[in-house]
Amino acid sequence: MSILQDIKDAFRQPNNTLKQLILINVIVFVVLIVLRLLLTFTVGPGAYDYLMSFVALHSDMGTFITRPWTLISYFFTHQGFLHIIFNMLNLYWFGQLVREYLGDKKLLSLYVIGGIAGGVLYMLSYNFIPYFEDRAASSVMIGASASVLAIVVAAATLLPNYTFNLILIGPVRIKYIALFLVLLSMSGAVGDNAGGNIAHLGGALIGWLFIKQLQRGSDMGRPLHAFFGFVTGLFKRRPKLKVTHRRNTTFAGSSNGSATTVTGKPSQKEIDLILDKISSSGYESLSKEEKQKLFQASQKE
């Protein structure tokens, strides 16, 4: 019961998207383990395979049309401990950066749009590239790798010189980690898991595009959140109309104890000081205002 309460608390907490995404993936993984055991012992292994056909993404367009929800369900579904552990670790490490710097909404956008883009590229490749013709009718795909790689590449595009300390290797800039993962997916695009690696590349492309568009002032996730807002609004009770008045005490650059808002482009001296602080103490040591300044500096005029 305490585990169930912890799960409920995680979904009740605001601004907790990263933990919620990881929990959903883990819960689906555990449920499928239990169902696989029960179905195999009671009905037979074919029953579990039939169940998986309703959550995995099919490359066959005719099958996909009858199960369109699989374009979403596939990137919350895993088989094998190494599969989910690798994905969830990368989601946690790089998701923390995206969440701290851009917020929970951007993190959710990257996860969902990256997964959808990976799934679409997978289906298009298997249906229109002659190399995949012999396997297009029977291929299925599961896993959050496309979504995760979208977040990895987004973090590396946003903060290319941020470093992770890797075991046996030491500090490595995340742009090189992202590049390695992209090259690994490219090399596997003609192997046994070609479909999965093609999906990874679709996610990686979205991660790069998302940040570049954001730096130009365009949020690719805005339509997604408008849809989420519409759906959640249908289930919320409408509050009674209430008119209140509150004095505004927030001024740009105020120093009287009120909240401050960073406006305008920071100077090069300020950016140099922030970069020095990252080099010496890490990105986590930055204040919210310093993170805002660093992001503003990345905007194009």
# chains A, B, ... in the order shown; residues from 1 in each chain; ligands from 1
>>> select_by_dssp(residues="range 18-239 of chain A", states="alpha helix (DSSP H)", output="tab-separated table (two decimals) with N, CA and C atoms, in the first residue's frame")
chain	number	residue	atom	x	y	z
A	18	LEU	N	9.27	14.65	-15.02
A	18	LEU	CA	10.35	13.67	-15.24
A	18	LEU	C	10.08	12.40	-14.46
A	19	LYS	N	9.77	12.53	-13.19
A	19	LYS	CA	9.49	11.34	-12.37
A	19	LYS	C	8.24	10.63	-12.88
A	20	GLN	N	7.24	11.37	-13.32
A	20	GLN	CA	6.01	10.76	-13.82
A	20	GLN	C	6.26	9.95	-15.09
A	21	LEU	N	7.08	10.48	-16.00
A	21	LEU	CA	7.41	9.73	-17.22
A	21	LEU	C	8.13	8.43	-16.89
A	22	ILE	N	9.08	8.50	-15.97
A	22	ILE	CA	9.82	7.30	-15.59
A	22	ILE	C	8.89	6.30	-14.92
A	23	LEU	N	8.00	6.79	-14.06
A	23	LEU	CA	7.06	5.90	-13.38
A	23	LEU	C	6.12	5.20	-14.35
A	24	ILE	N	5.61	5.94	-15.33
A	24	ILE	CA	4.72	5.32	-16.32
A	24	ILE	C	5.43	4.19	-17.05
A	25	ASN	N	6.66	4.43	-17.48
A	25	ASN	CA	7.42	3.40	-18.17
A	25	ASN	C	7.66	2.18	-17.27
A	26	VAL	N	7.99	2.42	-16.01
A	26	VAL	CA	8.26	1.31	-15.08
A	26	VAL	C	6.98	0.54	-14.79
A	27	ILE	N	5.88	1.25	-14.57
A	27	ILE	CA	4.61	0.58	-14.27
A	27	ILE	C	4.18	-0.30	-15.44
A	28	VAL	N	4.26	0.23	-16.67
A	28	VAL	CA	3.90	-0.57	-17.84
A	28	VAL	C	4.81	-1.80	-17.95
A	29	PHE	N	6.09	-1.63	-17.68
A	29	PHE	CA	7.04	-2.74	-17.74
A	29	PHE	C	6.68	-3.83	-16.74
A	30	VAL	N	6.36	-3.44	-15.50
A	30	VAL	CA	6.01	-4.42	-14.45
A	30	VAL	C	4.70	-5.11	-14.79
A	31	VAL	N	3.71	-4.36	-15.24
A	31	VAL	CA	2.41	-4.95	-15.59
A	31	VAL	C	2.58	-5.98	-16.70
A	32	LEU	N	3.42	-5.67	-17.70
A	32	LEU	CA	3.62	-6.62	-18.80
A	32	LEU	C	4.35	-7.87	-18.33
A	33	ILE	N	5.26	-7.73	-17.37
A	33	ILE	CA	5.94	-8.91	-16.82
A	33	ILE	C	4.92	-9.84	-16.15
A	34	VAL	N	4.04	-9.26	-15.35
A	34	VAL	CA	3.02	-10.06	-14.66
A	34	VAL	C	2.08	-10.71	-15.66
A	35	LEU	N	1.62	-9.94	-16.65
A	35	LEU	CA	0.70	-10.48	-17.65
A	35	LEU	C	1.35	-11.58	-18.48
A	36	ARG	N	2.62	-11.39	-18.78
A	36	ARG	CA	3.32	-12.42	-19.57
A	36	ARG	C	3.38	-13.74	-18.81
A	37	LEU	N	3.65	-13.66	-17.51
A	37	LEU	CA	3.70	-14.86	-16.69
A	37	LEU	C	2.34	-15.54	-16.61
A	38	LEU	N	1.30	-14.76	-16.31
A	38	LEU	CA	-0.05	-15.31	-16.16
A	38	LEU	C	-0.57	-15.89	-17.47
A	39	LEU	N	-0.41	-15.14	-18.56
A	39	LEU	CA	-0.93	-15.60	-19.85
A	39	LEU	C	-0.19	-16.82	-20.37
A	40	THR	N	1.12	-16.86	-20.17
A	40	THR	CA	1.91	-18.01	-20.64
A	40	THR	C	1.53	-19.28	-19.90
A	41	PHE	N	1.32	-19.16	-18.57
A	41	PHE	CA	0.98	-20.34	-17.77
A	41	PHE	C	-0.47	-20.78	-17.95
A	42	THR	N	-1.35	-19.87	-18.28
A	42	THR	CA	-2.78	-20.22	-18.34
A	42	THR	C	-3.28	-20.46	-19.76
A	45	PRO	N	1.91	-18.92	-24.71
A	45	PRO	CA	2.70	-17.74	-25.10
A	45	PRO	C	2.07	-16.92	-26.22
A	46	GLY	N	1.24	-17.55	-27.05
A	46	GLY	CA	0.61	-16.81	-28.13
A	46	GLY	C	-0.32	-15.73	-27.65
A	47	ALA	N	-0.90	-15.89	-26.46
A	47	ALA	CA	-1.82	-14.90	-25.92
A	47	ALA	C	-1.09	-13.61	-25.58
A	48	TYR	N	0.12	-13.75	-25.04
A	48	TYR	CA	0.91	-12.55	-24.72
A	48	TYR	C	1.34	-11.83	-25.99
A	49	ASP	N	1.74	-12.57	-26.99
A	49	ASP	CA	2.13	-11.95	-28.26
A	49	ASP	C	0.95	-11.20	-28.88
A	50	TYR	N	-0.24	-11.76	-28.75
A	50	TYR	CA	-1.43	-11.10	-29.27
A	50	TYR	C	-1.69	-9.79	-28.50
A	51	LEU	N	-1.51	-9.84	-27.19
A	51	LEU	CA	-1.66	-8.62	-26.38
A	51	LEU	C	-0.67	-7.55	-26.81
A	52	MET	N	0.58	-7.94	-27.03
A	52	MET	CA	1.61	-6.97	-27.41
A	52	MET	C	1.33	-6.34	-28.77
A	61	MET	N	1.04	-0.38	-42.65
A	61	MET	CA	0.09	0.73	-42.57
A	61	MET	C	-1.34	0.24	-42.34
A	62	GLY	N	-1.71	-0.87	-42.94
A	62	GLY	CA	-3.05	-1.40	-42.77
A	62	GLY	C	-3.34	-1.74	-41.32
A	63	THR	N	-2.35	-2.35	-40.64
A	63	THR	CA	-2.51	-2.69	-39.23
A	63	THR	C	-2.52	-1.43	-38.37
A	64	PHE	N	-1.65	-0.49	-38.70
A	64	PHE	CA	-1.57	0.74	-37.91
A	64	PHE	C	-2.89	1.52	-37.95
A	65	ILE	N	-3.54	1.56	-39.09
A	65	ILE	CA	-4.80	2.30	-39.22
A	65	ILE	C	-5.85	1.77	-38.25
A	66	THR	N	-5.81	0.47	-37.97
A	66	THR	CA	-6.78	-0.11	-37.04
A	66	THR	C	-6.35	0.07	-35.58
A	70	THR	N	-1.14	3.07	-31.07
A	70	THR	CA	0.18	2.49	-30.88
A	70	THR	C	1.30	3.47	-31.20
A	71	LEU	N	0.99	4.57	-31.91
A	71	LEU	CA	2.00	5.60	-32.16
A	71	LEU	C	2.40	6.29	-30.86
A	72	ILE	N	1.56	6.17	-29.82
A	72	ILE	CA	1.86	6.70	-28.50
A	72	ILE	C	2.29	5.58	-27.55
A	73	SER	N	1.54	4.48	-27.55
A	73	SER	CA	1.79	3.43	-26.56
A	73	SER	C	3.16	2.78	-26.72
A	81	PHE	N	15.25	-6.03	-19.17
A	81	PHE	CA	15.70	-5.09	-18.14
A	81	PHE	C	16.73	-4.10	-18.66
A	82	LEU	N	17.66	-4.56	-19.48
A	82	LEU	CA	18.67	-3.65	-20.01
A	82	LEU	C	18.04	-2.57	-20.87
A	83	HIS	N	17.00	-2.95	-21.61
A	83	HIS	CA	16.31	-2.01	-22.49
A	83	HIS	C	15.74	-0.85	-21.68
A	84	ILE	N	14.99	-1.15	-20.64
A	84	ILE	CA	14.35	-0.08	-19.88
A	84	ILE	C	15.35	0.66	-18.99
A	85	ILE	N	16.32	-0.05	-18.43
A	85	ILE	CA	17.29	0.61	-17.55
A	85	ILE	C	18.10	1.65	-18.33
A	86	PHE	N	18.59	1.27	-19.50
A	86	PHE	CA	19.39	2.20	-20.30
A	86	PHE	C	18.57	3.43	-20.68
A	87	ASN	N	17.34	3.21	-21.12
A	87	ASN	CA	16.49	4.33	-21.51
A	87	ASN	C	16.15	5.24	-20.33
A	88	MET	N	15.80	4.65	-19.19
A	88	MET	CA	15.39	5.45	-18.05
A	88	MET	C	16.56	6.21	-17.43
A	89	LEU	N	17.75	5.64	-17.46
A	89	LEU	CA	18.92	6.36	-16.95
A	89	LEU	C	19.21	7.59	-17.82
A	90	ASN	N	19.18	7.40	-19.13
A	90	ASN	CA	19.41	8.54	-20.02
A	90	ASN	C	18.30	9.58	-19.89
A	91	LEU	N	17.07	9.10	-19.73
A	91	LEU	CA	15.95	10.03	-19.54
A	91	LEU	C	16.14	10.84	-18.27
A	92	TYR	N	16.59	10.20	-17.21
A	92	TYR	CA	16.80	10.91	-15.94
A	92	TYR	C	17.95	11.91	-16.04
A	93	TRP	N	19.11	11.47	-16.54
A	93	TRP	CA	20.28	12.34	-16.59
A	93	TRP	C	20.06	13.56	-17.47
A	94	PHE	N	19.63	13.32	-18.69
A	94	PHE	CA	19.46	14.44	-19.62
A	94	PHE	C	18.14	15.17	-19.39
A	95	GLY	N	17.13	14.44	-18.91
A	95	GLY	CA	15.86	15.08	-18.60
A	95	GLY	C	15.98	16.10	-17.48
A	96	GLN	N	16.88	15.84	-16.54
A	96	GLN	CA	17.11	16.80	-15.45
A	96	GLN	C	17.58	18.14	-16.01
A	97	LEU	N	18.47	18.09	-16.98
A	97	LEU	CA	18.97	19.32	-17.58
A	97	LEU	C	17.86	20.09	-18.29
A	98	VAL	N	17.10	19.38	-19.13
A	98	VAL	CA	16.00	20.03	-19.85
A	98	VAL	C	14.98	20.59	-18.88
A	99	ARG	N	14.66	19.85	-17.86
A	99	ARG	CA	13.66	20.28	-16.88
A	99	ARG	C	14.12	21.52	-16.12
A	100	GLU	N	15.37	21.52	-15.67
A	100	GLU	CA	15.89	22.66	-14.91
A	100	GLU	C	15.96	23.92	-15.76
A	101	TYR	N	16.33	23.75	-17.02
A	101	TYR	CA	16.59	24.91	-17.85
A	101	TYR	C	15.37	25.40	-18.61
A	102	LEU	N	14.53	24.47	-19.06
A	102	LEU	CA	13.38	24.84	-19.88
A	102	LEU	C	12.04	24.57	-19.22
A	104	ASP	N	9.09	21.78	-17.12
A	104	ASP	CA	8.43	20.49	-17.31
A	104	ASP	C	7.67	20.39	-18.62
A	105	LYS	N	7.05	21.50	-19.05
A	105	LYS	CA	6.27	21.45	-20.29
A	105	LYS	C	7.14	21.15	-21.49
A	106	LYS	N	8.31	21.76	-21.56
A	106	LYS	CA	9.22	21.50	-22.67
A	106	LYS	C	9.72	20.06	-22.64
A	107	LEU	N	9.96	19.55	-21.44
A	107	LEU	CA	10.42	18.16	-21.30
A	107	LEU	C	9.35	17.20	-21.83
A	108	LEU	N	8.11	17.42	-21.44
A	108	LEU	CA	7.02	16.57	-21.93
A	108	LEU	C	6.86	16.68	-23.44
A	109	SER	N	6.97	17.90	-23.96
A	109	SER	CA	6.86	18.10	-25.41
A	109	SER	C	7.92	17.30	-26.16
A	110	LEU	N	9.15	17.38	-25.69
A	110	LEU	CA	10.24	16.66	-26.34
A	110	LEU	C	10.01	15.15	-26.31
A	111	TYR	N	9.56	14.65	-25.18
A	111	TYR	CA	9.35	13.21	-25.05
A	111	TYR	C	8.27	12.73	-26.03
A	112	VAL	N	7.15	13.43	-26.05
A	112	VAL	CA	6.02	12.99	-26.88
A	112	VAL	C	6.30	13.22	-28.36
A	113	ILE	N	6.75	14.43	-28.73
A	113	ILE	CA	6.98	14.74	-30.14
A	113	ILE	C	8.13	13.90	-30.69
A	114	GLY	N	9.17	13.70	-29.88
A	114	GLY	CA	10.29	12.86	-30.31
A	114	GLY	C	9.85	11.43	-30.58
A	115	GLY	N	9.00	10.89	-29.69
A	115	GLY	CA	8.49	9.53	-29.90
A	115	GLY	C	7.62	9.42	-31.12
A	116	ILE	N	6.75	10.40	-31.33
A	116	ILE	CA	5.88	10.38	-32.51
A	116	ILE	C	6.70	10.49	-33.79
A	117	ALA	N	7.67	11.40	-33.80
A	117	ALA	CA	8.51	11.58	-35.00
A	117	ALA	C	9.29	10.30	-35.29
A	118	GLY	N	9.82	9.66	-34.26
A	118	GLY	CA	10.54	8.41	-34.46
A	118	GLY	C	9.65	7.33	-35.03
A	119	GLY	N	8.42	7.23	-34.52
A	119	GLY	CA	7.48	6.23	-35.03
A	119	GLY	C	7.08	6.49	-36.47
A	120	VAL	N	6.85	7.75	-36.82
A	120	VAL	CA	6.47	8.09	-38.19
A	120	VAL	C	7.61	7.79	-39.16
A	121	LEU	N	8.84	8.16	-38.78
A	121	LEU	CA	9.98	7.89	-39.66
A	121	LEU	C	10.20	6.40	-39.84
A	122	TYR	N	9.99	5.64	-38.77
A	122	TYR	CA	10.09	4.17	-38.85
A	122	TYR	C	9.10	3.60	-39.86
A	123	MET	N	7.83	4.01	-39.78
A	123	MET	CA	6.82	3.49	-40.69
A	123	MET	C	7.08	3.93	-42.14
A	124	LEU	N	7.47	5.19	-42.32
A	124	LEU	CA	7.75	5.66	-43.67
A	124	LEU	C	8.93	4.91	-44.30
A	125	SER	N	9.97	4.69	-43.50
A	125	SER	CA	11.15	3.99	-44.01
A	125	SER	C	10.81	2.56	-44.42
A	126	TYR	N	10.03	1.87	-43.59
A	126	TYR	CA	9.73	0.46	-43.86
A	126	TYR	C	8.73	0.30	-45.01
A	127	ASN	N	8.02	1.35	-45.34
A	127	ASN	CA	7.04	1.25	-46.41
A	127	ASN	C	7.51	1.83	-47.74
A	128	PHE	N	8.54	2.68	-47.72
A	128	PHE	CA	8.95	3.35	-48.95
A	128	PHE	C	10.42	3.13	-49.33
A	145	SER	N	13.29	4.80	-26.78
A	145	SER	CA	14.58	5.31	-27.23
A	145	SER	C	14.48	6.57	-28.09
A	146	ALA	N	13.49	6.62	-28.98
A	146	ALA	CA	13.34	7.81	-29.83
A	146	ALA	C	13.01	9.04	-28.98
A	147	SER	N	12.12	8.87	-28.01
A	147	SER	CA	11.77	9.97	-27.11
A	147	SER	C	12.97	10.40	-26.29
A	148	VAL	N	13.71	9.42	-25.78
A	148	VAL	CA	14.86	9.72	-24.94
A	148	VAL	C	15.96	10.40	-25.74
A	149	LEU	N	16.21	9.93	-26.96
A	149	LEU	CA	17.26	10.55	-27.76
A	149	LEU	C	16.88	11.98	-28.16
A	150	ALA	N	15.59	12.25	-28.30
A	150	ALA	CA	15.16	13.63	-28.55
A	150	ALA	C	15.57	14.52	-27.38
A	151	ILE	N	15.42	14.02	-26.16
A	151	ILE	CA	15.80	14.78	-24.96
A	151	ILE	C	17.32	14.90	-24.86
A	152	VAL	N	18.03	13.82	-25.18
A	152	VAL	CA	19.51	13.85	-25.14
A	152	VAL	C	20.05	14.90	-26.10
A	153	VAL	N	19.59	14.87	-27.34
A	153	VAL	CA	20.09	15.82	-28.35
A	153	VAL	C	19.64	17.24	-28.02
A	154	ALA	N	18.45	17.40	-27.48
A	154	ALA	CA	17.99	18.73	-27.08
A	154	ALA	C	18.88	19.31	-25.99
A	155	ALA	N	19.21	18.50	-24.99
A	155	ALA	CA	20.09	18.97	-23.92
A	155	ALA	C	21.48	19.32	-24.47
A	156	ALA	N	21.98	18.50	-25.39
A	156	ALA	CA	23.30	18.75	-25.96
A	156	ALA	C	23.30	19.97	-26.87
A	157	THR	N	22.19	20.25	-27.53
A	157	THR	CA	22.07	21.45	-28.37
A	157	THR	C	21.98	22.69	-27.51
A	158	LEU	N	21.27	22.57	-26.40
A	158	LEU	CA	21.09	23.70	-25.49
A	158	LEU	C	22.34	24.00	-24.69
A	174	ILE	N	28.54	16.76	-23.02
A	174	ILE	CA	27.37	16.01	-23.46
A	174	ILE	C	27.17	16.08	-24.98
A	175	LYS	N	27.77	17.05	-25.64
A	175	LYS	CA	27.64	17.09	-27.10
A	175	LYS	C	28.31	15.87	-27.73
A	176	TYR	N	29.38	15.36	-27.09
A	176	TYR	CA	30.05	14.18	-27.61
A	176	TYR	C	29.26	12.91	-27.27
A	177	ILE	N	28.59	12.90	-26.13
A	177	ILE	CA	27.74	11.76	-25.79
A	177	ILE	C	26.59	11.67	-26.79
A	178	ALA	N	25.96	12.80	-27.07
A	178	ALA	CA	24.85	12.82	-28.04
A	178	ALA	C	25.33	12.41	-29.42
A	179	LEU	N	26.49	12.91	-29.84
A	179	LEU	CA	27.03	12.56	-31.15
A	179	LEU	C	27.31	11.07	-31.24
A	180	PHE	N	27.85	10.49	-30.18
A	180	PHE	CA	28.13	9.05	-30.16
A	180	PHE	C	26.84	8.24	-30.32
A	181	LEU	N	25.78	8.65	-29.60
A	181	LEU	CA	24.52	7.92	-29.67
A	181	LEU	C	23.88	8.05	-31.06
A	182	VAL	N	24.00	9.21	-31.67
A	182	VAL	CA	23.46	9.40	-33.02
A	182	VAL	C	24.22	8.54	-34.02
A	183	LEU	N	25.55	8.54	-33.94
A	183	LEU	CA	26.35	7.72	-34.84
A	183	LEU	C	26.08	6.24	-34.63
A	184	LEU	N	25.87	5.85	-33.38
A	184	LEU	CA	25.55	4.45	-33.07
A	184	LEU	C	24.22	4.06	-33.73
A	185	SER	N	23.25	4.96	-33.70
A	185	SER	CA	21.96	4.69	-34.34
A	185	SER	C	22.10	4.63	-35.86
A	186	MET	N	22.93	5.50	-36.42
A	186	MET	CA	23.14	5.48	-37.87
A	186	MET	C	23.79	4.17	-38.30
A	187	SER	N	24.74	3.68	-37.52
A	187	SER	CA	25.41	2.43	-37.89
A	187	SER	C	24.47	1.24	-37.76
A	194	ALA	N	17.11	-2.36	-37.30
A	194	ALA	CA	17.14	-1.19	-38.17
A	194	ALA	C	15.99	-0.24	-37.88
A	195	GLY	N	14.79	-0.78	-37.67
A	195	GLY	CA	13.63	0.07	-37.42
A	195	GLY	C	13.78	0.91	-36.18
A	196	GLY	N	14.28	0.29	-35.10
A	196	GLY	CA	14.49	1.02	-33.86
A	196	GLY	C	15.51	2.12	-34.02
A	197	ASN	N	16.59	1.85	-34.74
A	197	ASN	CA	17.63	2.85	-34.92
A	197	ASN	C	17.17	3.99	-35.83
A	198	ILE	N	16.34	3.68	-36.80
A	198	ILE	CA	15.77	4.75	-37.63
A	198	ILE	C	14.88	5.65	-36.79
A	199	ALA	N	14.11	5.04	-35.88
A	199	ALA	CA	13.27	5.84	-34.97
A	199	ALA	C	14.13	6.72	-34.09
A	200	HIS	N	15.29	6.21	-33.64
A	200	HIS	CA	16.20	7.02	-32.83
A	200	HIS	C	16.59	8.31	-33.58
A	201	LEU	N	16.89	8.15	-34.86
A	201	LEU	CA	17.30	9.30	-35.66
A	201	LEU	C	16.18	10.32	-35.81
A	202	GLY	N	14.94	9.83	-35.92
A	202	GLY	CA	13.81	10.75	-35.96
A	202	GLY	C	13.68	11.54	-34.68
A	203	GLY	N	13.87	10.87	-33.55
A	203	GLY	CA	13.84	11.56	-32.27
A	203	GLY	C	14.97	12.56	-32.12
A	204	ALA	N	16.17	12.17	-32.56
A	204	ALA	CA	17.32	13.07	-32.48
A	204	ALA	C	17.11	14.34	-33.30
A	205	LEU	N	16.54	14.18	-34.49
A	205	LEU	CA	16.25	15.34	-35.34
A	205	LEU	C	15.29	16.29	-34.64
A	206	ILE	N	14.26	15.75	-34.00
A	206	ILE	CA	13.30	16.59	-33.29
A	206	ILE	C	13.97	17.32	-32.13
A	207	GLY	N	14.85	16.64	-31.42
A	207	GLY	CA	15.55	17.28	-30.31
A	207	GLY	C	16.34	18.49	-30.75
A	208	TRP	N	17.04	18.36	-31.87
A	208	TRP	CA	17.83	19.49	-32.41
A	208	TRP	C	16.91	20.60	-32.91
A	209	LEU	N	15.88	20.22	-33.67
A	209	LEU	CA	14.95	21.21	-34.22
A	209	LEU	C	14.21	21.97	-33.12
A	210	PHE	N	13.81	21.25	-32.08
A	210	PHE	CA	13.04	21.84	-30.99
A	210	PHE	C	13.80	23.01	-30.36
A	211	ILE	N	15.08	22.79	-30.06
A	211	ILE	CA	15.88	23.83	-29.41
A	211	ILE	C	16.16	24.97	-30.38
A	212	LYS	N	16.48	24.66	-31.63
A	212	LYS	CA	16.75	25.71	-32.61
A	212	LYS	C	15.52	26.59	-32.82
A	213	GLN	N	14.34	25.99	-32.89
A	213	GLN	CA	13.11	26.76	-33.03
A	213	GLN	C	12.83	27.57	-31.77
A	214	LEU	N	13.11	27.00	-30.63
A	214	LEU	CA	12.89	27.70	-29.37
A	214	LEU	C	13.79	28.93	-29.28
A	215	GLN	N	15.01	28.81	-29.75
A	215	GLN	CA	15.94	29.94	-29.74
A	215	GLN	C	15.51	31.04	-30.71
A	222	ARG	N	3.78	23.92	-28.40
A	222	ARG	CA	2.59	24.71	-28.05
A	222	ARG	C	1.29	24.02	-28.49
A	223	PRO	N	1.18	23.49	-29.72
A	223	PRO	CA	-0.07	22.79	-30.08
A	223	PRO	C	-0.35	21.59	-29.19
A	224	LEU	N	0.71	20.88	-28.78
A	224	LEU	CA	0.54	19.72	-27.92
A	224	LEU	C	-0.06	20.11	-26.58
A	225	HIS	N	0.46	21.19	-26.00
A	225	HIS	CA	-0.05	21.61	-24.69
A	225	HIS	C	-1.43	22.26	-24.79
A	226	ALA	N	-1.72	22.85	-25.94
A	226	ALA	CA	-3.07	23.36	-26.14
A	226	ALA	C	-4.06	22.19	-26.16
A	227	PHE	N	-3.66	21.08	-26.78
A	227	PHE	CA	-4.51	19.89	-26.80
A	227	PHE	C	-4.67	19.30	-25.40
A	228	PHE	N	-3.55	19.19	-24.67
A	228	PHE	CA	-3.61	18.68	-23.29
A	228	PHE	C	-4.50	19.57	-22.43
A	229	GLY	N	-4.36	20.88	-22.60
A	229	GLY	CA	-5.18	21.80	-21.83
A	229	GLY	C	-6.66	21.65	-22.12
A	230	PHE	N	-6.98	21.42	-23.40
A	230	PHE	CA	-8.38	21.23	-23.79
A	230	PHE	C	-8.95	19.96	-23.17
A	231	VAL	N	-8.16	18.86	-23.22
A	231	VAL	CA	-8.63	17.58	-22.70
A	231	VAL	C	-8.80	17.66	-21.18
A	232	THR	N	-7.81	18.19	-20.47
A	232	THR	CA	-7.92	18.27	-19.01
A	232	THR	C	-9.02	19.22	-18.59
A	233	GLY	N	-9.26	20.26	-19.41
A	233	GLY	CA	-10.32	21.21	-19.10
A	233	GLY	C	-11.70	20.57	-19.14
A	234	LEU	N	-11.86	19.53	-19.95
A	234	LEU	CA	-13.14	18.84	-20.03
A	234	LEU	C	-13.49	18.11	-18.75
>>> select_by_dssp(residues="range 155-216 of chain A", states="strand (DSSP E)", output="JSON, numbers by chain")
{"A": [163, 164, 165, 166, 170, 171, 172, 173]}
>>> closest_residue(among="A:Gly191, A:Ala136, A:Phe11, A:Ile274", to="Ser287 in chain A", atoms="only C-alpha atoms")
A:Ile274
>>> closest_residue(among="A:Pro160, A:Gly80, A:Gly44, A:Pro14", to="Arg173 in chain A", atoms="only C-alpha atoms")
A:Pro160
